[in-house]
Every structure is written in structure tokens, then in C-alpha cells.
file model.txt (compact mmCIF, N, CA and C atoms)
# COMPACT_ATOMS: atom_id res chain seq x y z
N MET T 523 16.64 -3.67 13.81
CA MET T 523 15.47 -3.10 13.18
C MET T 523 15.70 -1.59 13.04
N PRO T 524 15.27 -1.00 11.95
CA PRO T 524 15.52 0.44 11.76
C PRO T 524 14.78 1.28 12.77
N ILE T 525 15.31 2.46 13.01
CA ILE T 525 14.69 3.32 14.00
C ILE T 525 13.34 3.83 13.55
N SER T 526 13.05 3.76 12.25
CA SER T 526 11.76 4.25 11.76
C SER T 526 10.65 3.21 11.93
N THR T 527 11.01 1.99 12.34
CA THR T 527 10.03 0.94 12.53
C THR T 527 9.66 0.89 14.00
N SER T 528 8.37 0.98 14.27
CA SER T 528 7.95 0.99 15.66
C SER T 528 8.05 -0.38 16.29
N SER T 529 8.21 -0.40 17.58
CA SER T 529 8.23 -1.63 18.34
C SER T 529 7.07 -1.57 19.33
N PHE T 530 6.25 -2.61 19.29
CA PHE T 530 5.11 -2.66 20.20
C PHE T 530 5.46 -3.39 21.49
N GLU T 531 6.64 -4.05 21.49
CA GLU T 531 7.12 -4.81 22.63
C GLU T 531 6.13 -5.90 23.04
N ASP T 532 5.54 -6.54 22.05
CA ASP T 532 4.68 -7.69 22.29
C ASP T 532 4.80 -8.62 21.08
N LYS T 533 3.86 -9.56 20.93
CA LYS T 533 3.94 -10.56 19.85
C LYS T 533 3.94 -9.94 18.46
N ARG T 534 3.47 -8.72 18.31
CA ARG T 534 3.45 -8.08 16.98
C ARG T 534 4.85 -7.79 16.46
N ASP T 535 5.83 -7.70 17.34
CA ASP T 535 7.20 -7.44 16.91
C ASP T 535 7.76 -8.59 16.07
N ASN T 536 7.20 -9.77 16.17
CA ASN T 536 7.72 -10.93 15.44
C ASN T 536 6.98 -11.22 14.15
N ILE T 537 6.08 -10.35 13.74
CA ILE T 537 5.32 -10.58 12.52
C ILE T 537 6.23 -10.72 11.31
N TYR T 538 7.27 -9.92 11.26
CA TYR T 538 8.17 -9.92 10.10
C TYR T 538 9.46 -10.69 10.38
N SER T 539 9.40 -11.67 11.25
CA SER T 539 10.61 -12.39 11.64
C SER T 539 11.26 -13.12 10.47
N GLU T 540 10.48 -13.50 9.44
CA GLU T 540 11.10 -14.18 8.30
C GLU T 540 12.08 -13.28 7.57
N TYR T 541 11.93 -11.96 7.71
CA TYR T 541 12.85 -11.03 7.06
C TYR T 541 14.15 -10.90 7.82
N ASP T 542 14.22 -11.45 9.01
CA ASP T 542 15.46 -11.42 9.79
C ASP T 542 16.36 -12.61 9.48
N ASN T 543 15.86 -13.58 8.74
CA ASN T 543 16.61 -14.78 8.42
C ASN T 543 17.60 -14.48 7.31
N ALA T 544 18.89 -14.40 7.63
CA ALA T 544 19.93 -14.02 6.66
C ALA T 544 20.01 -14.99 5.49
N GLU T 545 19.58 -16.22 5.67
CA GLU T 545 19.63 -17.20 4.58
C GLU T 545 18.71 -16.81 3.43
N LEU T 546 17.69 -16.03 3.71
CA LEU T 546 16.75 -15.62 2.67
C LEU T 546 17.19 -14.34 1.95
N TYR T 547 18.33 -13.78 2.36
CA TYR T 547 18.81 -12.53 1.79
C TYR T 547 19.77 -12.79 0.64
N ASP T 548 19.63 -11.99 -0.42
CA ASP T 548 20.59 -11.98 -1.51
C ASP T 548 21.39 -10.70 -1.38
N GLN T 549 22.55 -10.68 -2.02
CA GLN T 549 23.42 -9.51 -1.92
C GLN T 549 23.82 -9.04 -3.30
N GLU T 550 23.91 -7.73 -3.45
CA GLU T 550 24.38 -7.10 -4.69
C GLU T 550 25.11 -5.83 -4.30
N VAL T 551 26.31 -5.64 -4.84
CA VAL T 551 27.09 -4.44 -4.58
C VAL T 551 27.16 -3.65 -5.88
N MET T 552 26.79 -2.37 -5.81
CA MET T 552 26.79 -1.52 -7.00
C MET T 552 27.48 -0.20 -6.70
N THR T 553 28.10 0.37 -7.72
CA THR T 553 28.76 1.67 -7.61
C THR T 553 27.93 2.71 -8.33
N PHE T 554 27.80 3.88 -7.70
CA PHE T 554 27.01 4.97 -8.25
C PHE T 554 27.88 6.21 -8.36
N PRO T 555 28.48 6.43 -9.54
CA PRO T 555 29.33 7.60 -9.75
C PRO T 555 28.54 8.90 -9.56
N GLY T 556 29.20 9.86 -8.96
CA GLY T 556 28.59 11.18 -8.80
C GLY T 556 27.70 11.34 -7.58
N LEU T 557 27.42 10.27 -6.85
CA LEU T 557 26.60 10.39 -5.65
C LEU T 557 27.49 10.57 -4.43
N THR T 558 26.97 11.26 -3.44
CA THR T 558 27.64 11.39 -2.16
C THR T 558 26.94 10.46 -1.17
N CYS T 559 27.57 10.23 -0.03
CA CYS T 559 26.95 9.42 1.02
C CYS T 559 25.64 10.05 1.48
N GLN T 560 25.61 11.37 1.57
CA GLN T 560 24.40 12.07 2.01
C GLN T 560 23.24 11.85 1.04
N VAL T 561 23.53 11.96 -0.26
CA VAL T 561 22.48 11.76 -1.26
C VAL T 561 22.01 10.32 -1.26
N ALA T 562 22.96 9.37 -1.20
CA ALA T 562 22.59 7.95 -1.18
C ALA T 562 21.72 7.63 0.03
N GLU T 563 22.08 8.16 1.19
CA GLU T 563 21.28 7.93 2.39
C GLU T 563 19.88 8.50 2.21
N GLY T 564 19.78 9.69 1.66
CA GLY T 564 18.47 10.31 1.43
C GLY T 564 17.60 9.50 0.50
N LEU T 565 18.20 8.96 -0.56
CA LEU T 565 17.43 8.13 -1.49
C LEU T 565 16.95 6.85 -0.83
N LEU T 566 17.81 6.23 -0.04
CA LEU T 566 17.42 5.00 0.67
C LEU T 566 16.31 5.28 1.68
N LYS T 567 16.35 6.44 2.30
CA LYS T 567 15.28 6.81 3.23
C LYS T 567 13.97 6.99 2.48
N ARG T 568 14.03 7.53 1.26
CA ARG T 568 12.82 7.69 0.44
C ARG T 568 12.23 6.33 0.05
N LEU T 569 13.05 5.30 0.06
CA LEU T 569 12.58 3.95 -0.23
C LEU T 569 12.01 3.26 1.01
N GLY T 570 11.94 3.99 2.11
CA GLY T 570 11.32 3.45 3.32
C GLY T 570 12.29 3.00 4.38
N GLY T 571 13.56 3.28 4.21
CA GLY T 571 14.54 2.84 5.19
C GLY T 571 14.70 3.81 6.34
N GLY T 572 15.24 3.31 7.40
CA GLY T 572 15.59 4.12 8.56
C GLY T 572 17.09 4.05 8.77
N VAL T 573 17.67 5.13 9.24
CA VAL T 573 19.11 5.19 9.42
C VAL T 573 19.51 4.39 10.66
N ALA T 574 20.33 3.38 10.45
CA ALA T 574 20.85 2.58 11.55
C ALA T 574 22.22 3.10 11.98
N GLU T 575 22.97 3.62 11.02
CA GLU T 575 24.28 4.22 11.28
C GLU T 575 24.44 5.37 10.31
N LYS T 576 24.50 6.58 10.81
CA LYS T 576 24.51 7.81 9.99
C LYS T 576 25.53 7.73 8.86
N LEU T 577 25.05 8.01 7.65
CA LEU T 577 25.86 8.03 6.42
C LEU T 577 26.58 6.72 6.15
N ARG T 578 26.06 5.63 6.70
CA ARG T 578 26.72 4.33 6.51
C ARG T 578 25.72 3.20 6.29
N VAL T 579 24.73 3.03 7.18
CA VAL T 579 23.80 1.89 7.08
C VAL T 579 22.36 2.38 7.17
N VAL T 580 21.56 1.96 6.19
CA VAL T 580 20.12 2.25 6.18
C VAL T 580 19.41 0.90 6.09
N GLU T 581 18.36 0.73 6.90
CA GLU T 581 17.63 -0.54 6.95
C GLU T 581 16.14 -0.32 6.75
N GLY T 582 15.54 -1.27 6.08
CA GLY T 582 14.09 -1.30 5.95
C GLY T 582 13.62 -2.70 6.28
N ILE T 583 12.34 -2.93 6.24
CA ILE T 583 11.83 -4.27 6.51
C ILE T 583 12.20 -5.15 5.33
N GLY T 584 13.04 -6.13 5.59
CA GLY T 584 13.46 -7.05 4.56
C GLY T 584 14.70 -6.64 3.79
N TRP T 585 15.32 -5.52 4.15
CA TRP T 585 16.53 -5.11 3.43
C TRP T 585 17.44 -4.24 4.28
N GLN T 586 18.71 -4.19 3.84
CA GLN T 586 19.72 -3.35 4.47
C GLN T 586 20.67 -2.88 3.37
N ALA T 587 21.11 -1.65 3.47
CA ALA T 587 22.08 -1.10 2.51
C ALA T 587 23.22 -0.45 3.28
N THR T 588 24.44 -0.81 2.90
CA THR T 588 25.63 -0.23 3.50
C THR T 588 26.30 0.65 2.47
N ILE T 589 26.50 1.91 2.82
CA ILE T 589 27.06 2.91 1.90
C ILE T 589 28.54 3.09 2.21
N THR T 590 29.37 3.05 1.15
CA THR T 590 30.80 3.26 1.30
C THR T 590 31.23 4.29 0.27
N GLU T 591 31.96 5.31 0.72
CA GLU T 591 32.48 6.31 -0.20
C GLU T 591 33.65 5.72 -0.98
N VAL T 592 33.62 5.89 -2.31
CA VAL T 592 34.71 5.47 -3.18
C VAL T 592 35.13 6.66 -4.03
N ALA T 593 36.24 6.54 -4.74
CA ALA T 593 36.79 7.66 -5.50
C ALA T 593 35.79 8.28 -6.47
N GLU T 594 35.02 7.45 -7.15
CA GLU T 594 34.11 7.96 -8.17
C GLU T 594 32.71 8.30 -7.66
N GLY T 595 32.41 8.01 -6.42
CA GLY T 595 31.08 8.29 -5.87
C GLY T 595 30.84 7.47 -4.62
N VAL T 596 29.83 6.60 -4.68
CA VAL T 596 29.57 5.70 -3.55
C VAL T 596 29.34 4.29 -4.06
N GLU T 597 29.62 3.35 -3.19
CA GLU T 597 29.33 1.95 -3.43
C GLU T 597 28.26 1.58 -2.41
N VAL T 598 27.23 0.90 -2.87
CA VAL T 598 26.16 0.49 -1.97
C VAL T 598 26.07 -1.03 -1.99
N ASP T 599 26.18 -1.62 -0.82
CA ASP T 599 26.07 -3.06 -0.64
C ASP T 599 24.64 -3.33 -0.19
N PHE T 600 23.83 -3.82 -1.13
CA PHE T 600 22.43 -4.12 -0.84
C PHE T 600 22.32 -5.56 -0.38
N ARG T 601 21.63 -5.76 0.73
CA ARG T 601 21.28 -7.10 1.21
C ARG T 601 19.78 -7.06 1.43
N ALA T 602 19.09 -7.90 0.66
CA ALA T 602 17.63 -7.84 0.74
C ALA T 602 17.04 -9.23 0.64
N HIS T 603 15.87 -9.35 1.20
CA HIS T 603 15.09 -10.57 1.06
C HIS T 603 14.97 -10.84 -0.43
N ASP T 604 15.12 -12.09 -0.82
CA ASP T 604 15.18 -12.41 -2.25
C ASP T 604 13.99 -11.88 -3.05
N GLU T 605 12.86 -11.71 -2.43
CA GLU T 605 11.69 -11.19 -3.13
C GLU T 605 11.73 -9.68 -3.31
N LEU T 606 12.60 -8.99 -2.59
CA LEU T 606 12.66 -7.53 -2.62
C LEU T 606 13.84 -6.97 -3.40
N LEU T 607 14.90 -7.73 -3.54
CA LEU T 607 16.16 -7.20 -4.05
C LEU T 607 16.03 -6.56 -5.43
N ASP T 608 15.43 -7.24 -6.39
CA ASP T 608 15.34 -6.69 -7.75
C ASP T 608 14.59 -5.37 -7.78
N ASP T 609 13.48 -5.29 -7.08
CA ASP T 609 12.71 -4.05 -7.05
C ASP T 609 13.48 -2.94 -6.35
N LEU T 610 14.13 -3.26 -5.26
CA LEU T 610 14.93 -2.28 -4.52
C LEU T 610 16.04 -1.72 -5.41
N LEU T 611 16.76 -2.59 -6.10
CA LEU T 611 17.84 -2.15 -6.99
C LEU T 611 17.31 -1.27 -8.12
N ARG T 612 16.24 -1.70 -8.76
CA ARG T 612 15.67 -0.94 -9.87
C ARG T 612 15.25 0.45 -9.43
N ARG T 613 14.54 0.52 -8.32
CA ARG T 613 14.06 1.82 -7.84
C ARG T 613 15.22 2.72 -7.41
N PHE T 614 16.22 2.15 -6.72
CA PHE T 614 17.35 2.96 -6.29
C PHE T 614 18.15 3.45 -7.50
N GLU T 615 18.38 2.58 -8.48
CA GLU T 615 19.12 2.98 -9.68
C GLU T 615 18.44 4.14 -10.40
N GLU T 616 17.13 4.07 -10.54
CA GLU T 616 16.38 5.15 -11.20
C GLU T 616 16.53 6.46 -10.43
N MET T 617 16.39 6.40 -9.12
CA MET T 617 16.50 7.61 -8.30
C MET T 617 17.93 8.15 -8.33
N ALA T 618 18.93 7.25 -8.27
CA ALA T 618 20.33 7.67 -8.28
C ALA T 618 20.70 8.33 -9.60
N GLU T 619 20.18 7.80 -10.70
CA GLU T 619 20.46 8.39 -12.01
C GLU T 619 19.90 9.81 -12.10
N ARG T 620 18.67 9.98 -11.63
CA ARG T 620 18.07 11.32 -11.64
C ARG T 620 18.86 12.28 -10.75
N ALA T 621 19.29 11.82 -9.58
CA ALA T 621 20.03 12.65 -8.66
C ALA T 621 21.40 13.04 -9.24
N ALA T 622 22.06 12.09 -9.88
CA ALA T 622 23.38 12.37 -10.47
C ALA T 622 23.26 13.34 -11.64
N ASN T 623 22.20 13.22 -12.43
CA ASN T 623 21.99 14.12 -13.57
C ASN T 623 21.58 15.52 -13.14
N ALA T 624 20.97 15.63 -11.97
CA ALA T 624 20.52 16.93 -11.47
C ALA T 624 21.66 17.75 -10.91
N SER T 625 22.76 17.10 -10.55
CA SER T 625 23.86 17.85 -9.93
C SER T 625 24.91 18.26 -10.92
call {"tool": "encode", "arguments": {"input": "model.txt", "output": "C-alpha cells"}}
result
Amino acid sequence: MPISTSSFEDKRDNIYSEYDNAELYDQEVMTFPGLTCQVAEGLLKRLGGGVAEKLRVVEGIGWQATITEVAEGVEVDFRAHDELLDDLLRRFEEMAERAANAS
């Protein structure tokens, strides 16, 4: 669970347990030219994620993104609950395009 998500240490911690079921997750890997790991992490945090591994893994409720530096920018491996993936990708792509154009 991401560090930005509180834990009550009681039955409320299991409310979102269906999002922990890997079978319900879809995966999409995308490359974002011109982005750095720092910028990608910042954008994912703006989408509600918490840093699980600095400049590498950001997690939110129902999704996880793994950032890898590549020659042309970054590659992001999105794993999200099937109901969240399309919206997550669309929002991240829009933010990444604006960030790449601003630099």
C-alpha cells in the first residue's frame, strides 16, 4: 500500500481489498520521450499516488506504475484495476505531453 494511504490497523484496512487482487489488473507499458524519472514521479503523485520506491515505483489505490529510464525519456509500466487503467493512462498522457512541451 502506498505511504500516502493511511492505515487504521483495523477492519477498515480491508475495504479496498478487491484492488489488491492481481487478476483484476491490466497492464500497459508506454514510453514518454523527453520526461525524466523525477517529472514522471511528480505527475504520478499528482494523480494520487504515493512513492513506494523513490524514482521507481508509485502506487495508488487500484494502480501501480513502475518508472524506467530509457534513452529517449522514460518508460512507465502501468498496472491498474481494469476499471481505472484507461482513465489513468489518458490523464497521465495529457500531463506528460504538457510537461514535455514546457521543457
call {"tool": "select_by_dssp", "arguments": {"input": "model.txt", "residues": "stretch 586-618 of chain T", "states": "strand (DSSP E or B)", "output": "list in words"}}
result
Gln586, Ala587, Thr588, Ile589, Thr590, Glu591, Val592, Gly595, Val596, Glu597, Val598, Asp599, Phe600, Arg601, Ala602 and His603 of chain T
call {"tool": "write_last_selection", "arguments": {"input": "model.txt", "atoms": "N, CA and C atoms", "output": "tab-separated table (two decimals), keeping the file's coordinate frame"}}
result
chain	number	residue	atom	x	y	z
T	586	GLN	N	18.71	-4.19	3.84
T	586	GLN	CA	19.72	-3.35	4.47
T	586	GLN	C	20.67	-2.88	3.37
T	587	ALA	N	21.11	-1.65	3.47
T	587	ALA	CA	22.08	-1.10	2.51
T	587	ALA	C	23.22	-0.45	3.28
T	588	THR	N	24.44	-0.81	2.90
T	588	THR	CA	25.63	-0.23	3.50
T	588	THR	C	26.30	0.65	2.47
T	589	ILE	N	26.50	1.91	2.82
T	589	ILE	CA	27.06	2.91	1.90
T	589	ILE	C	28.54	3.09	2.21
T	590	THR	N	29.37	3.05	1.15
T	590	THR	CA	30.80	3.26	1.30
T	590	THR	C	31.23	4.29	0.27
T	591	GLU	N	31.96	5.31	0.72
T	591	GLU	CA	32.48	6.31	-0.20
T	591	GLU	C	33.65	5.72	-0.98
T	592	VAL	N	33.62	5.89	-2.31
T	592	VAL	CA	34.71	5.47	-3.18
T	592	VAL	C	35.13	6.66	-4.03
T	595	GLY	N	32.41	8.01	-6.42
T	595	GLY	CA	31.08	8.29	-5.87
T	595	GLY	C	30.84	7.47	-4.62
T	596	VAL	N	29.83	6.60	-4.68
T	596	VAL	CA	29.57	5.70	-3.55
T	596	VAL	C	29.34	4.29	-4.06
T	597	GLU	N	29.62	3.35	-3.19
T	597	GLU	CA	29.33	1.95	-3.43
T	597	GLU	C	28.26	1.58	-2.41
T	598	VAL	N	27.23	0.90	-2.87
T	598	VAL	CA	26.16	0.49	-1.97
T	598	VAL	C	26.07	-1.03	-1.99
T	599	ASP	N	26.18	-1.62	-0.82
T	599	ASP	CA	26.07	-3.06	-0.64
T	599	ASP	C	24.64	-3.33	-0.19
T	600	PHE	N	23.83	-3.82	-1.13
T	600	PHE	CA	22.43	-4.12	-0.84
T	600	PHE	C	22.32	-5.56	-0.38
T	601	ARG	N	21.63	-5.76	0.73
T	601	ARG	CA	21.28	-7.10	1.21
T	601	ARG	C	19.78	-7.06	1.43
T	602	ALA	N	19.09	-7.90	0.66
T	602	ALA	CA	17.63	-7.84	0.74
T	602	ALA	C	17.04	-9.23	0.64
T	603	HIS	N	15.87	-9.35	1.20
T	603	HIS	CA	15.09	-10.57	1.06
T	603	HIS	C	14.97	-10.84	-0.43
call {"tool": "closest_residue", "arguments": {"input": "model.txt", "among": "T:Asp599, T:Val579, T:Tyr547, T:Thr558", "to": "T:Ala618", "atoms": "only C-alpha atoms"}}
result
T:Thr558
call {"tool": "atom_distance", "arguments": {"input": "model.txt", "atom1": "atom CA of T:Glu615", "atom2": "atom CA of T:Arg568"}}
result
12.8 Å
call {"tool": "closest_residue", "arguments": {"input": "model.txt", "among": "T:Gln549, T:Gln560, T:Leu569, T:Glu594", "to": "T:Glu616", "atoms": "only C-alpha atoms"}}
result
T:Leu569
call {"tool": "residues_around", "arguments": {"input": "model.txt", "residues": "T:Thr553", "least_positions_apart": "4", "cutoff": "7 Å", "atoms": "all atoms listed in the file", "output": "list in words"}}
result
Gly595, Val596, Glu597 and Val598 of chain T
call {"tool": "residues_around", "arguments": {"input": "model.txt", "residues": "T:Leu565", "least_positions_apart": "5", "cutoff": "8 Å", "atoms": "all atoms listed in the file", "output": "list in words"}}
result
Cys559, Gln560, Gly570, Gly571, Arg613, Phe614, Met617 and Ala618 of chain T
